[in-house]
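Raw structure.cif, mmCIF, C-alpha atoms, pLDDT in the B column; chains and numbers go by the auth columns:
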data_run
loop_
_atom_site.group_PDB
_atom_site.id
_atom_site.type_symbol
_atom_site.label_atom_id
_atom_site.label_comp_id
_atom_site.label_asym_id
_atom_site.label_seq_id
_atom_site.Cartn_x
_atom_site.Cartn_y
_atom_site.Cartn_z
_atom_site.B_iso_or_equiv
_atom_site.auth_seq_id
_atom_site.auth_asym_id
ATOM 1 C CA MET A 1 -55.272 -98.637 73.047 35.00 1 W
ATOM 2 C CA ALA A 2 -58.550 -96.736 73.486 41.00 2 W
ATOM 3 C CA ALA A 3 -61.615 -98.003 71.671 43.00 3 W
ATOM 4 C CA VAL A 4 -62.432 -96.169 68.457 51.00 4 W
ATOM 5 C CA ARG A 5 -65.490 -93.969 68.877 63.00 5 W
ATOM 6 C CA LYS A 6 -68.437 -94.861 66.612 77.00 6 W
ATOM 7 C CA LEU A 7 -69.556 -91.905 64.504 90.00 7 W
ATOM 8 C CA GLN A 8 -73.122 -91.065 63.603 92.00 8 W
ATOM 9 C CA MET A 9 -73.693 -90.936 59.874 92.00 9 W
ATOM 10 C CA CYS A 10 -76.257 -90.918 57.134 94.00 10 W
ATOM 11 C CA ALA A 11 -75.782 -92.441 53.705 94.00 11 W
ATOM 12 C CA VAL A 12 -77.279 -92.251 50.227 94.00 12 W
ATOM 13 C CA SER A 13 -77.485 -95.768 48.834 93.00 13 W
ATOM 14 C CA PRO A 14 -77.042 -96.370 45.110 94.00 14 W
ATOM 15 C CA THR A 15 -79.975 -97.437 42.974 90.00 15 W
ATOM 16 C CA GLY A 16 -78.089 -100.592 41.986 91.00 16 W
ATOM 17 C CA LYS A 17 -75.522 -102.848 43.608 91.00 17 W
ATOM 18 C CA PRO A 18 -72.765 -100.745 45.255 94.00 18 W
ATOM 19 C CA CYS A 19 -69.244 -101.256 43.945 96.00 19 W
ATOM 20 C CA ALA A 20 -67.692 -97.996 45.199 98.00 20 W
ATOM 21 C CA SER A 21 -68.010 -95.506 48.067 98.00 21 W
ATOM 22 C CA VAL A 22 -67.580 -91.774 48.651 98.00 22 W
ATOM 23 C CA ILE A 23 -67.042 -90.452 52.199 98.00 23 W
ATOM 24 C CA PHE A 24 -68.037 -86.754 52.328 98.00 24 W
ATOM 25 C CA LEU A 25 -66.980 -84.813 55.469 98.00 25 W
ATOM 26 C CA HIS A 26 -68.828 -81.687 56.637 98.00 26 W
ATOM 27 C CA GLY A 27 -67.357 -78.350 57.702 98.00 27 W
ATOM 28 C CA SER A 28 -66.908 -77.168 61.303 97.00 28 W
ATOM 29 C CA GLY A 29 -70.091 -76.962 63.341 96.00 29 W
ATOM 30 C CA ASP A 30 -72.179 -78.865 60.780 97.00 30 W
ATOM 31 C CA THR A 31 -73.367 -82.497 60.760 97.00 31 W
ATOM 32 C CA GLY A 32 -73.499 -85.285 58.220 97.00 32 W
ATOM 33 C CA GLN A 33 -77.249 -84.762 57.883 97.00 33 W
ATOM 34 C CA GLY A 34 -76.750 -81.012 57.521 97.00 34 W
ATOM 35 C CA LEU A 35 -74.218 -81.427 54.714 98.00 35 W
ATOM 36 C CA ARG A 36 -76.371 -84.064 53.050 97.00 36 W
ATOM 37 C CA ALA A 37 -79.366 -81.652 53.089 96.00 37 W
ATOM 38 C CA TRP A 38 -77.189 -78.802 51.720 97.00 38 W
ATOM 39 C CA VAL A 39 -75.897 -80.983 48.881 97.00 39 W
ATOM 40 C CA ARG A 40 -79.480 -81.995 48.002 95.00 40 W
ATOM 41 C CA ASP A 41 -80.543 -78.317 47.957 96.00 41 W
ATOM 42 C CA VAL A 42 -77.612 -77.264 45.756 96.00 42 W
ATOM 43 C CA MET A 43 -77.406 -80.281 43.464 93.00 43 W
ATOM 44 C CA VAL A 44 -80.390 -80.958 41.221 84.00 44 W
ATOM 45 C CA PRO A 45 -81.558 -83.667 41.400 84.00 45 W
ATOM 46 C CA ASP A 46 -78.926 -84.974 43.893 92.00 46 W
ATOM 47 C CA LEU A 47 -75.369 -86.229 44.339 94.00 47 W
ATOM 48 C CA ALA A 48 -76.514 -89.823 43.904 94.00 48 W
ATOM 49 C CA PHE A 49 -75.298 -92.660 41.719 96.00 49 W
ATOM 50 C CA SER A 50 -76.394 -96.040 40.408 95.00 50 W
ATOM 51 C CA HIS A 51 -73.313 -97.829 41.782 97.00 51 W
ATOM 52 C CA ILE A 52 -71.691 -95.551 44.417 97.00 52 W
ATOM 53 C CA LYS A 53 -72.717 -95.226 48.073 97.00 53 W
ATOM 54 C CA VAL A 54 -72.256 -91.692 49.502 98.00 54 W
ATOM 55 C CA ILE A 55 -71.558 -91.573 53.251 98.00 55 W
ATOM 56 C CA TYR A 56 -71.943 -88.429 55.392 98.00 56 W
ATOM 57 C CA PRO A 57 -70.417 -88.938 58.874 98.00 57 W
ATOM 58 C CA THR A 58 -70.888 -86.468 61.742 97.00 58 W
ATOM 59 C CA ALA A 59 -67.913 -85.288 63.783 97.00 59 W
ATOM 60 C CA PRO A 60 -68.223 -85.757 67.558 95.00 60 W
ATOM 61 C CA ALA A 61 -68.691 -82.587 69.627 95.00 61 W
ATOM 62 C CA ARG A 62 -65.446 -81.379 71.196 94.00 62 W
ATOM 63 C CA PRO A 63 -64.083 -78.140 72.690 94.00 63 W
ATOM 64 C CA TYR A 64 -63.031 -75.871 69.800 95.00 64 W
ATOM 65 C CA THR A 65 -60.389 -73.231 70.487 94.00 65 W
ATOM 66 C CA PRO A 66 -61.516 -70.683 67.818 90.00 66 W
ATOM 67 C CA MET A 67 -64.899 -70.632 69.666 93.00 67 W
ATOM 68 C CA GLN A 68 -63.235 -70.012 73.082 92.00 68 W
ATOM 69 C CA GLY A 69 -63.431 -73.711 73.907 91.00 69 W
ATOM 70 C CA ALA A 70 -67.176 -74.104 73.317 95.00 70 W
ATOM 71 C CA LEU A 71 -68.343 -77.528 72.160 95.00 71 W
ATOM 72 C CA SER A 72 -68.701 -77.899 68.388 96.00 72 W
ATOM 73 C CA THR A 73 -68.948 -80.732 65.885 97.00 73 W
ATOM 74 C CA VAL A 74 -65.443 -80.381 64.465 97.00 74 W
ATOM 75 C CA TRP A 75 -63.058 -83.002 63.091 97.00 75 W
ATOM 76 C CA PHE A 76 -60.081 -81.588 65.009 97.00 76 W
ATOM 77 C CA ASP A 77 -59.065 -78.574 67.075 95.00 77 W
ATOM 78 C CA ARG A 78 -57.236 -75.530 65.740 94.00 78 W
ATOM 79 C CA HIS A 79 -55.229 -72.839 67.470 88.00 79 W
ATOM 80 C CA LYS A 80 -56.887 -70.407 65.040 87.00 80 W
ATOM 81 C CA ILE A 81 -58.285 -70.393 61.487 90.00 81 W
ATOM 82 C CA SER A 82 -55.048 -69.520 59.738 90.00 82 W
ATOM 83 C CA ARG A 83 -52.360 -71.102 57.578 93.00 83 W
ATOM 84 C CA ASP A 84 -49.681 -69.531 59.770 92.00 84 W
ATOM 85 C CA CYS A 85 -49.881 -71.616 62.939 91.00 85 W
ATOM 86 C CA PRO A 86 -48.961 -75.164 64.014 92.00 86 W
ATOM 87 C CA GLU A 87 -51.468 -77.941 63.418 95.00 87 W
ATOM 88 C CA HIS A 88 -53.260 -79.568 66.353 93.00 88 W
ATOM 89 C CA LYS A 89 -51.692 -82.906 65.452 94.00 89 W
ATOM 90 C CA GLU A 90 -53.026 -84.909 68.392 95.00 90 W
ATOM 91 C CA SER A 91 -56.704 -84.246 67.579 96.00 91 W
ATOM 92 C CA ILE A 92 -56.080 -84.749 63.834 97.00 92 W
ATOM 93 C CA ASP A 93 -54.399 -88.116 64.385 96.00 93 W
ATOM 94 C CA SER A 94 -57.124 -89.263 66.760 95.00 94 W
ATOM 95 C CA MET A 95 -59.825 -88.493 64.196 96.00 95 W
ATOM 96 C CA CYS A 96 -57.848 -90.171 61.396 97.00 96 W
ATOM 97 C CA ASN A 97 -57.991 -93.300 63.546 95.00 97 W
ATOM 98 C CA THR A 98 -61.749 -92.920 64.078 96.00 98 W
ATOM 99 C CA LEU A 99 -62.499 -92.269 60.410 97.00 99 W
ATOM 100 C CA GLY A 100 -60.310 -95.206 59.464 96.00 100 W
ATOM 101 C CA SER A 101 -62.952 -97.437 61.029 95.00 101 W
ATOM 102 C CA ILE A 102 -65.498 -96.257 58.414 96.00 102 W
ATOM 103 C CA ILE A 103 -63.044 -97.132 55.656 97.00 103 W
ATOM 104 C CA GLN A 104 -62.552 -100.563 57.219 96.00 104 W
ATOM 105 C CA GLU A 105 -66.316 -101.097 57.429 96.00 105 W
ATOM 106 C CA GLU A 106 -66.588 -100.426 53.691 97.00 106 W
ATOM 107 C CA VAL A 107 -63.727 -102.853 52.997 97.00 107 W
ATOM 108 C CA ASN A 108 -65.517 -105.451 55.140 97.00 108 W
ATOM 109 C CA ALA A 109 -68.653 -104.840 53.060 95.00 109 W
ATOM 110 C CA GLY A 110 -66.727 -105.701 49.885 96.00 110 W
ATOM 111 C CA ILE A 111 -65.598 -102.262 48.646 97.00 111 W
ATOM 112 C CA PRO A 112 -61.825 -102.243 48.028 97.00 112 W
ATOM 113 C CA LYS A 113 -59.951 -99.071 48.950 97.00 113 W
ATOM 114 C CA HIS A 114 -59.072 -98.315 45.341 97.00 114 W
ATOM 115 C CA ARG A 115 -62.845 -97.954 44.808 98.00 115 W
ATOM 116 C CA MET A 116 -63.222 -95.265 47.488 98.00 116 W
ATOM 117 C CA ILE A 117 -62.988 -91.474 47.368 98.00 117 W
ATOM 118 C CA ILE A 118 -62.723 -89.322 50.494 98.00 118 W
ATOM 119 C CA GLY A 119 -63.351 -85.591 50.571 98.00 119 W
ATOM 120 C CA GLY A 120 -65.023 -82.735 52.334 98.00 120 W
ATOM 121 C CA PHE A 121 -66.073 -79.120 52.594 98.00 121 W
ATOM 122 C CA SER A 122 -63.945 -76.582 54.515 98.00 122 W
ATOM 123 C CA MET A 123 -62.536 -78.319 57.625 98.00 123 W
ATOM 124 C CA GLY A 124 -63.860 -81.596 56.181 98.00 124 W
ATOM 125 C CA GLY A 125 -61.585 -81.151 53.166 98.00 125 W
ATOM 126 C CA ALA A 126 -58.542 -80.594 55.400 98.00 126 W
ATOM 127 C CA MET A 127 -59.509 -83.687 57.412 98.00 127 W
ATOM 128 C CA ALA A 128 -59.816 -85.700 54.203 98.00 128 W
ATOM 129 C CA LEU A 129 -56.360 -84.566 53.065 98.00 129 W
ATOM 130 C CA HIS A 130 -54.754 -85.717 56.325 98.00 130 W
ATOM 131 C CA LEU A 131 -56.660 -89.012 56.237 98.00 131 W
ATOM 132 C CA VAL A 132 -55.719 -89.774 52.633 98.00 132 W
ATOM 133 C CA CYS A 133 -52.217 -88.295 52.298 98.00 133 W
ATOM 134 C CA ARG A 134 -50.941 -89.730 55.578 97.00 134 W
ATOM 135 C CA TYR A 135 -52.943 -92.888 56.265 97.00 135 W
ATOM 136 C CA HIS A 136 -54.887 -94.093 53.207 98.00 136 W
ATOM 137 C CA PRO A 137 -53.005 -93.043 50.047 97.00 137 W
ATOM 138 C CA ASP A 138 -54.292 -96.151 48.234 96.00 138 W
ATOM 139 C CA VAL A 139 -57.830 -94.754 47.766 98.00 139 W
ATOM 140 C CA ALA A 140 -59.026 -93.617 44.317 98.00 140 W
ATOM 141 C CA GLY A 141 -58.896 -89.908 45.093 98.00 141 W
ATOM 142 C CA VAL A 142 -59.443 -87.045 47.517 98.00 142 W
ATOM 143 C CA PHE A 143 -61.416 -83.817 47.136 98.00 143 W
ATOM 144 C CA ALA A 144 -61.340 -80.569 49.111 98.00 144 W
ATOM 145 C CA LEU A 145 -63.968 -77.836 48.641 98.00 145 W
ATOM 146 C CA SER A 146 -63.208 -74.390 50.129 98.00 146 W
ATOM 147 C CA SER A 147 -60.415 -75.989 52.189 98.00 147 W
ATOM 148 C CA PHE A 148 -56.783 -75.444 53.130 98.00 148 W
ATOM 149 C CA LEU A 149 -53.836 -77.006 54.917 98.00 149 W
ATOM 150 C CA ASN A 150 -51.549 -75.064 57.265 96.00 150 W
ATOM 151 C CA LYS A 151 -48.390 -74.011 55.465 94.00 151 W
ATOM 152 C CA ASP A 152 -46.179 -76.391 57.500 95.00 152 W
ATOM 153 C CA SER A 153 -48.680 -79.263 57.381 97.00 153 W
ATOM 154 C CA ILE A 154 -47.349 -82.745 58.029 97.00 154 W
ATOM 155 C CA ALA A 155 -49.480 -83.857 55.064 97.00 155 W
ATOM 156 C CA PHE A 156 -47.053 -82.170 52.630 97.00 156 W
ATOM 157 C CA GLN A 157 -44.161 -84.132 54.114 97.00 157 W
ATOM 158 C CA ALA A 158 -46.105 -87.416 53.887 97.00 158 W
ATOM 159 C CA VAL A 159 -46.827 -86.859 50.187 98.00 159 W
ATOM 160 C CA GLU A 160 -43.225 -85.902 49.466 98.00 160 W
ATOM 161 C CA GLU A 161 -41.890 -89.015 51.195 97.00 161 W
ATOM 162 C CA ARG A 162 -44.272 -91.262 49.295 97.00 162 W
ATOM 163 C CA HIS A 163 -43.398 -89.584 45.989 97.00 163 W
ATOM 164 C CA ARG A 164 -39.678 -89.939 46.718 97.00 164 W
ATOM 165 C CA ALA A 165 -40.210 -93.645 47.366 97.00 165 W
ATOM 166 C CA GLN A 166 -41.941 -93.852 43.940 96.00 166 W
ATOM 167 C CA LEU A 167 -45.169 -95.060 45.510 96.00 167 W
ATOM 168 C CA PRO A 168 -48.511 -94.159 43.889 93.00 168 W
ATOM 169 C CA LEU A 169 -50.436 -91.150 45.165 96.00 169 W
ATOM 170 C CA PRO A 170 -54.160 -90.385 44.876 95.00 170 W
ATOM 171 C CA GLU A 171 -55.451 -87.591 42.666 97.00 171 W
ATOM 172 C CA LEU A 172 -56.682 -84.354 44.305 98.00 172 W
ATOM 173 C CA PHE A 173 -59.712 -82.318 43.156 98.00 173 W
ATOM 174 C CA GLN A 174 -60.220 -78.825 44.644 98.00 174 W
ATOM 175 C CA CYS A 175 -62.798 -76.048 44.249 98.00 175 W
ATOM 176 C CA HIS A 176 -62.763 -72.613 45.879 98.00 176 W
ATOM 177 C CA GLY A 177 -64.745 -69.380 45.647 98.00 177 W
ATOM 178 C CA THR A 178 -62.789 -66.205 44.941 98.00 178 W
ATOM 179 C CA ASN A 179 -64.932 -64.242 47.446 98.00 179 W
ATOM 180 C CA ASP A 180 -64.469 -66.709 50.314 98.00 180 W
ATOM 181 C CA ASP A 181 -63.816 -64.499 53.349 96.00 181 W
ATOM 182 C CA LEU A 182 -63.467 -67.333 55.894 95.00 182 W
ATOM 183 C CA VAL A 183 -61.055 -69.660 54.092 97.00 183 W
ATOM 184 C CA LEU A 184 -59.274 -67.384 51.653 97.00 184 W
ATOM 185 C CA HIS A 185 -59.048 -68.455 48.012 98.00 185 W
ATOM 186 C CA GLN A 186 -55.268 -67.939 48.198 98.00 186 W
ATOM 187 C CA TRP A 187 -55.031 -70.476 51.037 98.00 187 W
ATOM 188 C CA GLY A 188 -56.717 -73.116 48.894 98.00 188 W
ATOM 189 C CA GLU A 189 -54.564 -72.268 45.895 98.00 189 W
ATOM 190 C CA ASP A 190 -51.368 -72.402 47.986 97.00 190 W
ATOM 191 C CA THR A 191 -52.406 -75.821 49.323 98.00 191 W
ATOM 192 C CA SER A 192 -52.837 -77.086 45.759 98.00 192 W
ATOM 193 C CA VAL A 193 -49.441 -75.714 44.685 98.00 193 W
ATOM 194 C CA LEU A 194 -47.600 -77.262 47.648 98.00 194 W
ATOM 195 C CA LEU A 195 -49.243 -80.675 47.211 98.00 195 W
ATOM 196 C CA ARG A 196 -48.416 -80.607 43.491 98.00 196 W
ATOM 197 C CA LYS A 197 -44.782 -79.732 44.295 97.00 197 W
ATOM 198 C CA ALA A 198 -44.721 -82.624 46.756 97.00 198 W
ATOM 199 C CA GLY A 199 -45.791 -85.035 44.011 97.00 199 W
ATOM 200 C CA MET A 200 -49.592 -85.191 43.808 97.00 200 W
ATOM 201 C CA THR A 201 -51.663 -84.757 40.656 97.00 201 W
ATOM 202 C CA THR A 202 -53.976 -81.847 41.480 97.00 202 W
ATOM 203 C CA THR A 203 -56.748 -79.885 39.776 98.00 203 W
ATOM 204 C CA PHE A 204 -57.890 -76.546 41.208 98.00 204 W
ATOM 205 C CA HIS A 205 -61.106 -74.841 40.079 98.00 205 W
ATOM 206 C CA SER A 206 -61.820 -71.203 40.996 98.00 206 W
ATOM 207 C CA PHE A 207 -65.403 -69.909 41.165 98.00 207 W
ATOM 208 C CA PRO A 208 -65.602 -66.116 40.675 98.00 208 W
ATOM 209 C CA GLY A 209 -67.881 -64.375 43.178 97.00 209 W
ATOM 210 C CA LEU A 210 -68.523 -67.487 45.282 98.00 210 W
ATOM 211 C CA TYR A 211 -68.292 -67.109 49.064 98.00 211 W
ATOM 212 C CA HIS A 212 -67.693 -69.900 51.629 98.00 212 W
ATOM 213 C CA GLN A 213 -70.397 -72.131 50.194 97.00 213 W
ATOM 214 C CA LEU A 214 -71.271 -74.893 47.772 98.00 214 W
ATOM 215 C CA CYS A 215 -72.732 -74.191 44.333 97.00 215 W
ATOM 216 C CA GLN A 216 -74.277 -76.342 41.644 97.00 216 W
ATOM 217 C CA PRO A 217 -71.522 -75.825 38.996 97.00 217 W
ATOM 218 C CA GLU A 218 -68.792 -77.074 41.380 97.00 218 W
ATOM 219 C CA MET A 219 -70.961 -80.009 42.461 97.00 219 W
ATOM 220 C CA GLU A 220 -71.509 -80.946 38.805 97.00 220 W
ATOM 221 C CA LEU A 221 -67.728 -80.855 38.289 97.00 221 W
ATOM 222 C CA LEU A 222 -67.264 -82.977 41.407 98.00 222 W
ATOM 223 C CA ARG A 223 -69.852 -85.491 40.231 97.00 223 W
ATOM 224 C CA GLY A 224 -68.068 -85.846 36.878 97.00 224 W
ATOM 225 C CA TRP A 225 -64.699 -86.283 38.577 98.00 225 W
ATOM 226 C CA ILE A 226 -66.105 -88.935 40.938 98.00 226 W
ATOM 227 C CA LEU A 227 -67.572 -90.876 38.009 97.00 227 W
ATOM 228 C CA ASN A 228 -64.253 -90.641 36.167 97.00 228 W
ATOM 229 C CA ARG A 229 -62.369 -92.020 39.190 97.00 229 W
ATOM 230 C CA LEU A 230 -65.036 -94.606 40.116 98.00 230 W
ATOM 231 C CA PRO A 231 -66.607 -95.784 36.863 96.00 231 W
ATOM 232 C CA HIS A 232 -69.432 -98.301 36.755 90.00 232 W
ATOM 233 C CA THR A 233 -68.150 -101.886 36.576 80.00 233 W
ATOM 234 C CA SER A 234 -69.814 -104.937 35.099 61.00 234 W
ATOM 235 C CA SER A 235 -69.966 -106.525 38.576 52.00 235 W
ATOM 236 C CA SER A 236 -72.205 -103.685 39.807 46.00 236 W
ATOM 237 C CA SER A 237 -74.908 -104.176 37.193 45.00 237 W
#

As structure tokens, what does this structure read like?
Amino acid sequence: MAAVRKLQMCAVSPTGKPCASVIFLHGSGDTGQGLRAWVRDVMVPDLAFSHIKVIYPTAPARPYTPMQGALSTVWFDRHKISRDCPEHKESIDSMCNTLGSIIQEEVNAGIPKHRMIIGGFSMGGAMALHLVCRYHPDVAGVFALSSFLNKDSIAFQAVEERHRAQLPLPELFQCHGTNDDLVLHQWGEDTSVLLRKAGMTTTFHSFPGLYHQLCQPEMELLRGWILNRLPHTSSSS
């Protein structure tokens, strides 16, 4: 088996002892540092916590088909940016394996998986859904901002099988701008509906007039949801 590639990442450490972690995945062509800077610009004062570590990994550069095969920092390849095409399963599975090493590092550092949340913006949200729904359904939750899954995604099947087996599923938090002209609002809404039908508890927040971007109101909602899923514990004081 090939060695798992080590990802570059930056992290925002909590002000106190960490007892939980959030892994926040960037969109296509961005970096962990780029997303971290964007979040800091949008969120006043910051997406930071007293007890939760926030980790921003960077995807390795790889040939990206929608850019005619040019190298880009993307989590996986796509045939095109559309719900109506097959997923590039090989590159998705490979990156799930790589990102799994970050989860394991947090476990080794004393953070149990039920005290972790994984999410992302755009492609990062789709990556998070594959990682959580198919490989790590025992985390505390998953979030997807301005994201979608292909309509025949294997992630839907994984959730349905787990629900049928009466196994617990993580909660999903989604936000999407109604004016998003790259990842259509309808694509995000359809993803939410299909995951809910498959058995997940989902919440979907629409932001009128918002394009393919982050905004402070959605980040405030996300912060509240994270704190609800990962409350402060006495051991972290």

Point (-65.6, -87.4, 66.3), cut-off 7 Å, counting only C-alpha atoms, residues as a list in words: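 Checking each residue against the 7 Å limit leaves Leu7, Ala59, Pro60, Ala61, Trp75 and Met95 of chain W.
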
Selection result for the PyMOL selection byres ((chain W and resi 186) around 12) on this file, as a list of chain:residue names: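 In the shown coordinates, the PyMOL selection byres ((chain W and resi 186) around 12) covers W:Ser82, W:Arg83, W:Ser146, W:Ser147, W:Phe148, W:Leu149, W:Lys151, W:Cys175, W:His176, W:Gly177, W:Thr178, W:Asn179, W:Asp180, W:Asp181, W:Leu182, W:Val183, W:Leu184, W:His185, W:Trp187, W:Gly188, W:Glu189, W:Asp190, W:Thr191, W:Ser192, W:Val193, W:Phe204, W:Ser206.
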
Residue list as a PyMOL selection string for point (-75.5, -96.1, 38.7), cut-off 10 Å, all atoms listed in the file: chain W and resi 14-19+48-53+227+231-233+236-237

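Closest approach to Pro63 of chain W from the set W:Gly199, W:Pro170, W:Gly29, W:Gly124 is made by W:Gly29, with distances taken over all atoms listed in the file.
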
Chain and number of each residue from the PyMOL selection byres ((chain W and resi 197) around 12), as a list in words: Phe156, Gln157, Val159, Glu160, Glu161, His163, Arg164, Asp190, Thr191, Ser192, Val193, Leu194, Leu195, Arg196, Ala198, Gly199, Met200, Thr201 and Thr202 of chain W

d(atom CA of Pro137 of chain W, atom CA of Pro168 of chain W) in Å: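 Answer for the atom CA of Pro137 of chain W to atom CA of Pro168 of chain W separation: 7.7 Å.
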
Polymer residues at most 12 Å from Asp77 of chain W, all atoms listed in the file, same-chain spacing of 5 or more positions, as a PyMOL selection string: chain W and resi 28-29+59-72+86-95+123+126-127

Best match for closeness to Ser153 of chain W among W:Glu218, W:Asp84, W:Glu105, W:Asp41, counting all atoms listed in the file: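 Nearest to Ser153 of chain W: W:Asp84.
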
Who sits within 9 Å of Ile103 of chain W, only C-alpha atoms, same chain under 3 positions skipped, as an MDAnalysis selection string: chainID W and resid 23 99:100 106:108 113 116

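Atom CA of Gly141 of chain W sits 19.5 Å away from atom CA of Ala109 of chain W.
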
Just save segment 201-214 of chain W with N, CA, C and O atoms, as a PDB file, in the first residue's frame.
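Contents of decode.pdb, as written:
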ATOM      1  N   THR W 201     -29.917  13.700   9.473  1.00  0.00           N
ATOM      2  CA  THR W 201     -30.543  14.920   9.969  1.00  0.00           C
ATOM      3  C   THR W 201     -29.811  16.086   9.314  1.00  0.00           C
ATOM      4  O   THR W 201     -28.588  16.212   9.440  1.00  0.00           O
ATOM      5  N   THR W 202     -30.540  16.922   8.576  1.00  0.00           N
ATOM      6  CA  THR W 202     -29.908  18.006   7.832  1.00  0.00           C
ATOM      7  C   THR W 202     -30.581  19.346   8.128  1.00  0.00           C
ATOM      8  O   THR W 202     -31.786  19.397   8.389  1.00  0.00           O
ATOM      9  N   THR W 203     -29.796  20.412   8.090  1.00  0.00           N
ATOM     10  CA  THR W 203     -30.347  21.769   8.121  1.00  0.00           C
ATOM     11  C   THR W 203     -29.745  22.516   6.942  1.00  0.00           C
ATOM     12  O   THR W 203     -28.542  22.428   6.682  1.00  0.00           O
ATOM     13  N   PHE W 204     -30.583  23.255   6.211  1.00  0.00           N
ATOM     14  CA  PHE W 204     -30.152  23.964   5.016  1.00  0.00           C
ATOM     15  C   PHE W 204     -30.559  25.429   5.136  1.00  0.00           C
ATOM     16  O   PHE W 204     -31.734  25.742   5.274  1.00  0.00           O
ATOM     17  N   HIS W 205     -29.581  26.325   5.089  1.00  0.00           N
ATOM     18  CA  HIS W 205     -29.825  27.756   5.221  1.00  0.00           C
ATOM     19  C   HIS W 205     -29.537  28.453   3.893  1.00  0.00           C
ATOM     20  O   HIS W 205     -28.441  28.333   3.347  1.00  0.00           O
ATOM     21  N   SER W 206     -30.531  29.159   3.365  1.00  0.00           N
ATOM     22  CA  SER W 206     -30.363  29.939   2.134  1.00  0.00           C
ATOM     23  C   SER W 206     -30.032  31.382   2.482  1.00  0.00           C
ATOM     24  O   SER W 206     -30.587  31.946   3.437  1.00  0.00           O
ATOM     25  N   PHE W 207     -29.136  31.990   1.674  1.00  0.00           N
ATOM     26  CA  PHE W 207     -28.747  33.384   1.884  1.00  0.00           C
ATOM     27  C   PHE W 207     -29.071  34.183   0.622  1.00  0.00           C
ATOM     28  O   PHE W 207     -28.346  34.112  -0.371  1.00  0.00           O
ATOM     29  N   PRO W 208     -30.187  34.944   0.651  1.00  0.00           N
ATOM     30  CA  PRO W 208     -30.623  35.697  -0.523  1.00  0.00           C
ATOM     31  C   PRO W 208     -29.550  36.681  -0.993  1.00  0.00           C
ATOM     32  O   PRO W 208     -28.958  37.417  -0.192  1.00  0.00           O
ATOM     33  N   GLY W 209     -29.270  36.658  -2.302  1.00  0.00           N
ATOM     34  CA  GLY W 209     -28.336  37.599  -2.899  1.00  0.00           C
ATOM     35  C   GLY W 209     -26.867  37.232  -2.777  1.00  0.00           C
ATOM     36  O   GLY W 209     -26.019  37.899  -3.368  1.00  0.00           O
ATOM     37  N   LEU W 210     -26.560  36.170  -2.034  1.00  0.00           N
ATOM     38  CA  LEU W 210     -25.156  35.786  -1.842  1.00  0.00           C
ATOM     39  C   LEU W 210     -24.656  34.979  -3.036  1.00  0.00           C
ATOM     40  O   LEU W 210     -25.344  34.084  -3.520  1.00  0.00           O
ATOM     41  N   TYR W 211     -23.451  35.305  -3.502  1.00  0.00           N
ATOM     42  CA  TYR W 211     -22.835  34.583  -4.611  1.00  0.00           C
ATOM     43  C   TYR W 211     -22.018  33.401  -4.066  1.00  0.00           C
ATOM     44  O   TYR W 211     -22.312  32.903  -2.980  1.00  0.00           O
ATOM     45  N   HIS W 212     -21.014  32.954  -4.792  1.00  0.00           N
ATOM     46  CA  HIS W 212     -20.189  31.815  -4.364  1.00  0.00           C
ATOM     47  C   HIS W 212     -19.120  32.334  -3.400  1.00  0.00           C
ATOM     48  O   HIS W 212     -17.963  32.547  -3.785  1.00  0.00           O
ATOM     49  N   GLN W 213     -19.538  32.580  -2.169  1.00  0.00           N
ATOM     50  CA  GLN W 213     -18.655  33.229  -1.203  1.00  0.00           C
ATOM     51  C   GLN W 213     -19.127  32.933   0.220  1.00  0.00           C
ATOM     52  O   GLN W 213     -20.218  32.397   0.435  1.00  0.00           O
ATOM     53  N   LEU W 214     -18.272  33.297   1.161  1.00  0.00           N
ATOM     54  CA  LEU W 214     -18.626  33.242   2.573  1.00  0.00           C
ATOM     55  C   LEU W 214     -19.180  34.600   3.001  1.00  0.00           C
ATOM     56  O   LEU W 214     -18.845  35.622   2.398  1.00  0.00           O
TER      57      LEU W 214
END
